[in-house]
Amino acid sequence: MWKASERLMDTIRHYASFPATGVSLRQMVQFGDRPSTGTLFRASQFLSEELPIRLAHRVQELGELPDGLNEMPSIKKVRNWYAQSFEEIINLPRPSLTQEVRERLLKGMRNNGGGSKILSEATQNPSIKEGQYRSSPNLINGHDNGNGKGKGASSRRYFVPSDDRGDWPPELDDYNQRFANLLQQIKRRHDGVVTTVAQGILEYKRQRQRLQIDSNIQSFLDRFYMSRIGIRMLIGQHIALTEQKAVRHPNYVGIICTKTNVRELALEAIENARFVCEDHYGLFEAPKVQLVCKPDLNFMYVPGHLSHMLFETLKNSLRAVVETHGADKEEFPVTKVIVAEGREDITIKISDEGGGIPRSSIPLVWTYMYTTVDQTPNLDPDFDKSDFKAPMAGFGYGLPISRLYARYFGGDLKLISMEGYGTDVYLHLNRLSSSSEPLQ
Ligand SMILES: Nc1ncnc2c1ncn2[C@@H]1O[C@H](COP(=O)(O)OP(=O)(O)OP(=O)(O)O)[C@@H](O)[C@H]1O
Ligand SMILES: [Mg+2]
């Protein structure tokens, strides 16, 4: 097995002393549908510093988890993945650039300095308290609010448009490609992180005979999974932007869809959740879901994130409806999905008549590993890779992770329940999307 050397751990400690730099959805979309080699190269440079900083925080934190949690085999395994990915990024050979190319790359940045300030500045994320998901709990003064401000601003910018007149030396394209390939490899390595950490928590609960996890571990997991969403967003975005140089997808900038159609995604999520429900309970027909949504409601978002949140909340509703009314019922009450379009938010309400949740259990639904399923299904490391293999319920991850996705781009997920009747879940999606990733 791969093991981090002492020297590597020193480097990791050094990187972990810098705060993460949050990026906003708007900044991510500035690349347009065809970034130039120079622009991509600058983004690669930004990420080749930013990703190691974020990975280093995770290595540190996993190593310092309290109460022996850091010693659990699955936690150590995940920590090694982070350290290994860190090492691979900082060791990727960089091209040597001529003075002329350097100046050209820098010039692009200066030209951008004045003009597009509104676009390039990230605002505070409205859904969270300051520092709630901070990149590291120890970095009290770790403030670097978004692109281009704070320490080392000039070299630490994500989006720097470069002029595309004339050719760039082939070394730049070559580096961009090698960097994207490395990111692909890293992304694959980390596919199983959520389930492996969950496994680690189970190991800990068993060994220490704990029934619930305490609030320290809960907030660690919140930070950890939020950070993972951010890292995977930046990686996924960069890989897609690099591929987009060859093949264009209309309405897409990387993995961001500038015209995400809410109705289409909702219909698909409904179909998938009903399919899983029929399969799980052996039903001829799953409870019906009614969708109220304007057909042309589009906004800028990451379709994968929205699908995830809708699928998870719908599965919860369908499960509650079936289990409250009994799987042998001929007809079930209909679950309603209502989509509202405001100036600031798009809000999706999922209302079920699944009997609701006792008020005393409401805080628990946001904790990881809280589930009312008796037997947690087997933790399949491939679980993350395919929604179709996803079980109906049982990990207690559905709601907390969905809320992180919502908050990541400045939205939120709220739940109001009437015990004895049903539950309303409100999914708020911020459409202004200038808010920074909640990592500061
Ligand atoms: N719409 C709902 N109606 C009633 N109870 C609900 C509803 N949504 C969630 N719950 C309760 O909250 C618990 C946690 O939900 P969550 O989605 O986080 O985990 P899960 O569904 O148990 O497992 P999974 O990780 O597979 O989603 C559920 O086990 C269930 O008891
Ligand atoms: Mg669930």
# chains A, B, ... in the order shown; residues from 1 in each chain; ligands from 1
>>> residues_near_ligand(ligand="ligand 2", cutoff="8 Å", atoms="only C-alpha atoms and all ligand atoms", output="count of residues only")
13
>>> closest_atom_pairs(of="chain A", to="ligand 1", cutoff="9 Å", atoms="only C-alpha atoms and all ligand atoms", output="Markdown table")
| residue | atom | partner | partner_atom_place_in_ligand_line | distance |
| --- | --- | --- | --- | --- |
| A:Glu312 | CA | ligand 1 | 27 (O) | 6.1 |
| A:Thr313 | CA | ligand 1 | 8 (N) | 6.6 |
| A:Leu314 | CA | ligand 1 | 1 (N) | 7.6 |
| A:Lys315 | CA | ligand 1 | 21 (O) | 7.3 |
| A:Asn316 | CA | ligand 1 | 8 (N) | 4.4 |
| A:Ser317 | CA | ligand 1 | 1 (N) | 3.9 |
| A:Leu318 | CA | ligand 1 | 1 (N) | 7.5 |
| A:Arg319 | CA | ligand 1 | 2 (C) | 7.5 |
| A:Ala320 | CA | ligand 1 | 3 (N) | 4.8 |
| A:Val321 | CA | ligand 1 | 3 (N) | 7.5 |
| A:Thr324 | CA | ligand 1 | 4 (C) | 8.8 |
| A:Ile350 | CA | ligand 1 | 1 (N) | 8.3 |
| A:Ser351 | CA | ligand 1 | 1 (N) | 7.7 |
| A:Asp352 | CA | ligand 1 | 1 (N) | 6.3 |
| A:Glu353 | CA | ligand 1 | 3 (N) | 7.9 |
| A:Gly354 | CA | ligand 1 | 3 (N) | 5.3 |
| A:Gly355 | CA | ligand 1 | 4 (C) | 6.3 |
| A:Gly356 | CA | ligand 1 | 4 (C) | 4.6 |
| A:Ile357 | CA | ligand 1 | 5 (N) | 5.1 |
| A:Pro358 | CA | ligand 1 | 5 (N) | 8.7 |
| A:Ser361 | CA | ligand 1 | 12 (O) | 8.1 |
| A:Ile362 | CA | ligand 1 | 12 (O) | 7.8 |
| A:Leu364 | CA | ligand 1 | 12 (O) | 7.7 |
| A:Val365 | CA | ligand 1 | 14 (C) | 4.6 |
| A:Trp366 | CA | ligand 1 | 18 (O) | 6.5 |
| A:Thr367 | CA | ligand 1 | 18 (O) | 7.5 |
| A:Tyr368 | CA | ligand 1 | 18 (O) | 7.0 |
| A:Met369 | CA | ligand 1 | 19 (O) | 7.3 |
| A:Tyr370 | CA | ligand 1 | 14 (C) | 5.6 |
| A:Thr371 | CA | ligand 1 | 29 (O) | 3.5 |
| A:Thr372 | CA | ligand 1 | 29 (O) | 4.0 |
| A:Val373 | CA | ligand 1 | 29 (O) | 5.7 |
| A:Thr376 | CA | ligand 1 | 23 (O) | 8.4 |
| A:Pro377 | CA | ligand 1 | 26 (O) | 8.7 |
| A:Ala390 | CA | ligand 1 | 26 (O) | 7.7 |
| A:Pro391 | CA | ligand 1 | 26 (O) | 6.3 |
| A:Met392 | CA | ligand 1 | 26 (O) | 5.9 |
| A:Ala393 | CA | ligand 1 | 26 (O) | 3.1 |
| A:Gly394 | CA | ligand 1 | 23 (O) | 3.8 |
| A:Phe395 | CA | ligand 1 | 25 (O) | 3.6 |
| A:Gly396 | CA | ligand 1 | 19 (O) | 3.2 |
| A:Tyr397 | CA | ligand 1 | 25 (O) | 3.6 |
| A:Gly398 | CA | ligand 1 | 27 (O) | 3.4 |
| A:Leu399 | CA | ligand 1 | 18 (O) | 3.8 |
| A:Pro400 | CA | ligand 1 | 18 (O) | 5.8 |
| A:Ile401 | CA | ligand 1 | 18 (O) | 7.8 |
| A:Ser402 | CA | ligand 1 | 18 (O) | 8.5 |
| A:Leu415 | CA | ligand 1 | 8 (N) | 8.4 |
| A:Ser417 | CA | ligand 1 | 3 (N) | 7.7 |
| A:Glu419 | CA | ligand 1 | 4 (C) | 8.7 |
| A:Gly422 | CA | ligand 1 | 3 (N) | 6.3 |
| A:Thr423 | CA | ligand 1 | 1 (N) | 5.1 |
| A:Asp424 | CA | ligand 1 | 1 (N) | 7.0 |
| A:Val425 | CA | ligand 1 | 1 (N) | 7.3 |
>>> closest_atom_pairs(of="segment 57-113 of chain A", to="segment 6-21 of chain A", cutoff="12 Å", atoms="only C-alpha atoms", output="Markdown table")
| residue | atom | partner | partner_atom | distance |
| --- | --- | --- | --- | --- |
| A:His57 | CA | A:Ala16 | CA | 4.9 |
| A:Arg58 | CA | A:Ala16 | CA | 8.5 |
| A:Val59 | CA | A:Ile12 | CA | 7.7 |
| A:Gln60 | CA | A:Arg13 | CA | 7.2 |
| A:Glu61 | CA | A:Ala16 | CA | 9.6 |
| A:Gly63 | CA | A:Met9 | CA | 11.0 |
| A:Arg79 | CA | A:Met9 | CA | 11.6 |
| A:Asn80 | CA | A:Met9 | CA | 11.0 |
| A:Tyr82 | CA | A:Ile12 | CA | 10.2 |
| A:Ala83 | CA | A:Ile12 | CA | 7.8 |
| A:Gln84 | CA | A:Leu8 | CA | 9.4 |
| A:Ser85 | CA | A:Ile12 | CA | 11.2 |
| A:Phe86 | CA | A:Ile12 | CA | 7.8 |
| A:Glu87 | CA | A:Leu8 | CA | 7.3 |
| A:Glu88 | CA | A:Leu8 | CA | 10.9 |
| A:Ile89 | CA | A:Ile12 | CA | 11.9 |
| A:Ile90 | CA | A:Thr11 | CA | 9.7 |
| A:Asn91 | CA | A:Leu8 | CA | 10.8 |
>>> select_by_dssp(residues="segment 124-274 of chain A", states="alpha helix (DSSP H)", output="PyMOL selection string")
chain A and resi 170-189+193-208+215-244+262-274
>>> closest_residue(among="A:Ile235, A:Ala340, A:Cys293, A:Ile346", to="Ala266 of chain A", atoms="only C-alpha atoms")
A:Cys293
>>> atom_distance(atom1="atom CA of Gly411 of chain A", atom2="atom CA of Ala269 of chain A")
19.2 Å
>>> closest_residue(among="A:Cys257, A:Leu51, A:Ala43, A:Leu265", to="Leu172 of chain A", atoms="only C-alpha atoms")
A:Ala43
>>> closest_atom_pairs(of="segment 207-287 of chain A", to="segment 124-136 of chain A", cutoff="9 Å", atoms="only C-alpha atoms", output="CSV")
residue,atom,partner,partner_atom,distance
A:Ser219,CA,A:Tyr133,CA,8.2
A:Phe220,CA,A:Tyr133,CA,8.8
A:Asp222,CA,A:Tyr133,CA,7.0
A:Arg223,CA,A:Tyr133,CA,4.8
A:Phe224,CA,A:Tyr133,CA,8.3
A:Met226,CA,A:Tyr133,CA,7.0
A:Ser227,CA,A:Ser135,CA,7.1
>>> closest_residue(among="A:Leu183, A:Leu439, A:Leu241, A:Val334", to="Arg54 of chain A", atoms="only C-alpha atoms")
A:Leu439
>>> closest_residue(among="A:Leu105, A:Ala122, A:Leu310, A:Ala198", to="Thr39 of chain A", atoms="only C-alpha atoms")
A:Leu105
>>> atom_distance(atom1="atom CA of Ser24 of chain A", atom2="atom CA of Asn430 of chain A")
11.6 Å
>>> decode(residues="segment 139-266 of chain A", atoms="C-alpha atoms", output="compact mmCIF listing (two decimals), in the first residue's frame")
# COMPACT_ATOMS: atom_id res chain seq x y z
CA LEU A 139 -7.73 28.90 10.59
CA ILE A 140 -9.61 31.52 12.56
CA ASN A 141 -8.22 34.41 10.56
CA GLY A 142 -8.05 32.51 7.36
CA HIS A 143 -9.83 35.06 5.27
CA ASP A 144 -9.37 35.27 1.58
CA ASN A 145 -12.68 36.25 0.30
CA GLY A 146 -12.92 34.94 -3.21
CA ASN A 147 -10.96 35.56 -6.31
CA GLY A 148 -8.26 38.10 -6.50
CA LYS A 149 -8.30 39.46 -2.99
CA GLY A 150 -5.99 38.80 -0.12
CA LYS A 151 -2.62 37.17 -0.10
CA GLY A 152 -0.85 36.48 -3.37
CA ALA A 153 -3.81 37.73 -5.33
CA SER A 154 -2.03 38.18 -8.61
CA SER A 155 -1.02 34.55 -9.01
CA ARG A 156 -4.09 33.12 -7.28
CA ARG A 157 -6.83 33.89 -9.72
CA TYR A 158 -9.03 31.24 -11.17
CA PHE A 159 -10.40 32.94 -14.24
CA VAL A 160 -7.97 35.04 -16.20
CA PRO A 161 -9.00 35.56 -19.80
CA SER A 162 -6.05 35.40 -22.16
CA ASP A 163 -6.05 36.78 -25.63
CA ASP A 164 -6.38 34.10 -28.24
CA ARG A 165 -4.64 35.93 -31.02
CA GLY A 166 -1.73 33.96 -32.34
CA ASP A 167 -0.65 30.54 -31.22
CA TRP A 168 0.40 29.45 -27.82
CA PRO A 169 3.45 27.20 -27.58
CA PRO A 170 2.52 23.49 -27.70
CA GLU A 171 3.90 23.00 -24.16
CA LEU A 172 0.86 24.83 -22.80
CA ASP A 173 -1.64 22.58 -24.50
CA ASP A 174 0.40 19.60 -23.49
CA TYR A 175 0.42 20.68 -19.85
CA ASN A 176 -3.31 21.40 -19.89
CA GLN A 177 -3.95 17.92 -21.22
CA ARG A 178 -1.64 16.21 -18.72
CA PHE A 179 -3.22 18.19 -15.90
CA ALA A 180 -6.75 17.23 -16.97
CA ASN A 181 -5.71 13.57 -17.25
CA LEU A 182 -4.28 13.66 -13.76
CA LEU A 183 -7.47 15.24 -12.42
CA GLN A 184 -9.48 12.47 -14.05
CA GLN A 185 -7.36 9.86 -12.33
CA ILE A 186 -7.72 11.63 -8.97
CA LYS A 187 -11.47 12.02 -9.36
CA ARG A 188 -11.79 8.29 -9.94
CA ARG A 189 -9.63 7.49 -6.92
CA HIS A 190 -11.97 9.51 -4.72
CA ASP A 191 -15.24 8.08 -6.07
CA GLY A 192 -15.73 5.91 -3.02
CA VAL A 193 -14.88 8.53 -0.36
CA VAL A 194 -18.42 9.00 0.98
CA THR A 195 -19.06 5.31 1.47
CA THR A 196 -15.57 4.64 2.80
CA VAL A 197 -15.83 7.42 5.40
CA ALA A 198 -19.28 6.09 6.31
CA GLN A 199 -17.63 2.71 6.73
CA GLY A 200 -15.03 4.33 8.99
CA ILE A 201 -17.76 5.83 11.16
CA LEU A 202 -19.41 2.41 11.43
CA GLU A 203 -16.09 0.87 12.47
CA TYR A 204 -15.78 3.55 15.12
CA LYS A 205 -19.34 3.14 16.36
CA ARG A 206 -18.84 -0.60 16.68
CA GLN A 207 -15.45 -0.42 18.34
CA ARG A 208 -16.41 2.34 20.78
CA GLN A 209 -19.97 1.14 21.27
CA ARG A 210 -21.39 4.52 20.31
CA LEU A 211 -24.99 4.80 19.19
CA GLN A 212 -24.90 8.38 17.90
CA ILE A 213 -22.05 10.49 16.68
CA ASP A 214 -21.30 13.61 18.70
CA SER A 215 -21.47 17.17 17.42
CA ASN A 216 -17.71 17.36 16.83
CA ILE A 217 -17.84 14.50 14.41
CA GLN A 218 -21.02 15.83 12.86
CA SER A 219 -19.42 19.19 12.08
CA PHE A 220 -16.28 17.47 10.85
CA LEU A 221 -18.39 15.45 8.41
CA ASP A 222 -20.23 18.59 7.28
CA ARG A 223 -16.95 20.35 6.54
CA PHE A 224 -15.44 17.26 5.00
CA TYR A 225 -18.29 16.52 2.60
CA MET A 226 -18.76 20.18 1.74
CA SER A 227 -15.10 20.39 0.89
CA ARG A 228 -15.44 17.27 -1.22
CA ILE A 229 -18.32 18.81 -3.17
CA GLY A 230 -16.13 21.86 -3.85
CA ILE A 231 -13.08 19.85 -4.89
CA ARG A 232 -15.12 17.65 -7.20
CA MET A 233 -16.87 20.64 -8.66
CA LEU A 234 -13.57 22.33 -9.54
CA ILE A 235 -12.10 19.09 -10.87
CA GLY A 236 -15.20 18.14 -12.87
CA GLN A 237 -15.45 21.65 -14.26
CA HIS A 238 -11.83 21.72 -15.33
CA ILE A 239 -11.92 18.31 -17.02
CA ALA A 240 -15.08 19.27 -18.91
CA LEU A 241 -13.65 22.65 -19.96
CA THR A 242 -10.54 20.95 -21.29
CA GLU A 243 -12.61 18.45 -23.25
CA GLN A 244 -14.80 21.25 -24.53
CA LYS A 245 -11.91 22.57 -26.56
CA ALA A 246 -12.52 19.66 -28.91
CA VAL A 247 -16.25 18.98 -28.61
CA ARG A 248 -18.77 21.71 -27.87
CA HIS A 249 -21.99 21.27 -26.00
CA PRO A 250 -24.52 24.03 -26.48
CA ASN A 251 -25.66 25.66 -23.20
CA TYR A 252 -22.82 24.08 -21.26
CA VAL A 253 -19.80 25.68 -19.68
CA GLY A 254 -17.94 22.70 -18.29
CA ILE A 255 -20.48 20.84 -16.17
CA ILE A 256 -22.58 23.96 -15.60
CA CYS A 257 -25.67 24.18 -17.74
CA THR A 258 -26.64 27.78 -18.41
CA LYS A 259 -30.18 26.63 -19.24
CA THR A 260 -30.90 23.90 -16.75
CA ASN A 261 -34.52 22.95 -17.36
CA VAL A 262 -36.12 22.29 -13.99
CA ARG A 263 -39.16 20.48 -15.36
CA GLU A 264 -37.15 17.98 -17.37
CA LEU A 265 -34.84 17.19 -14.47
CA ALA A 266 -37.75 16.88 -12.04
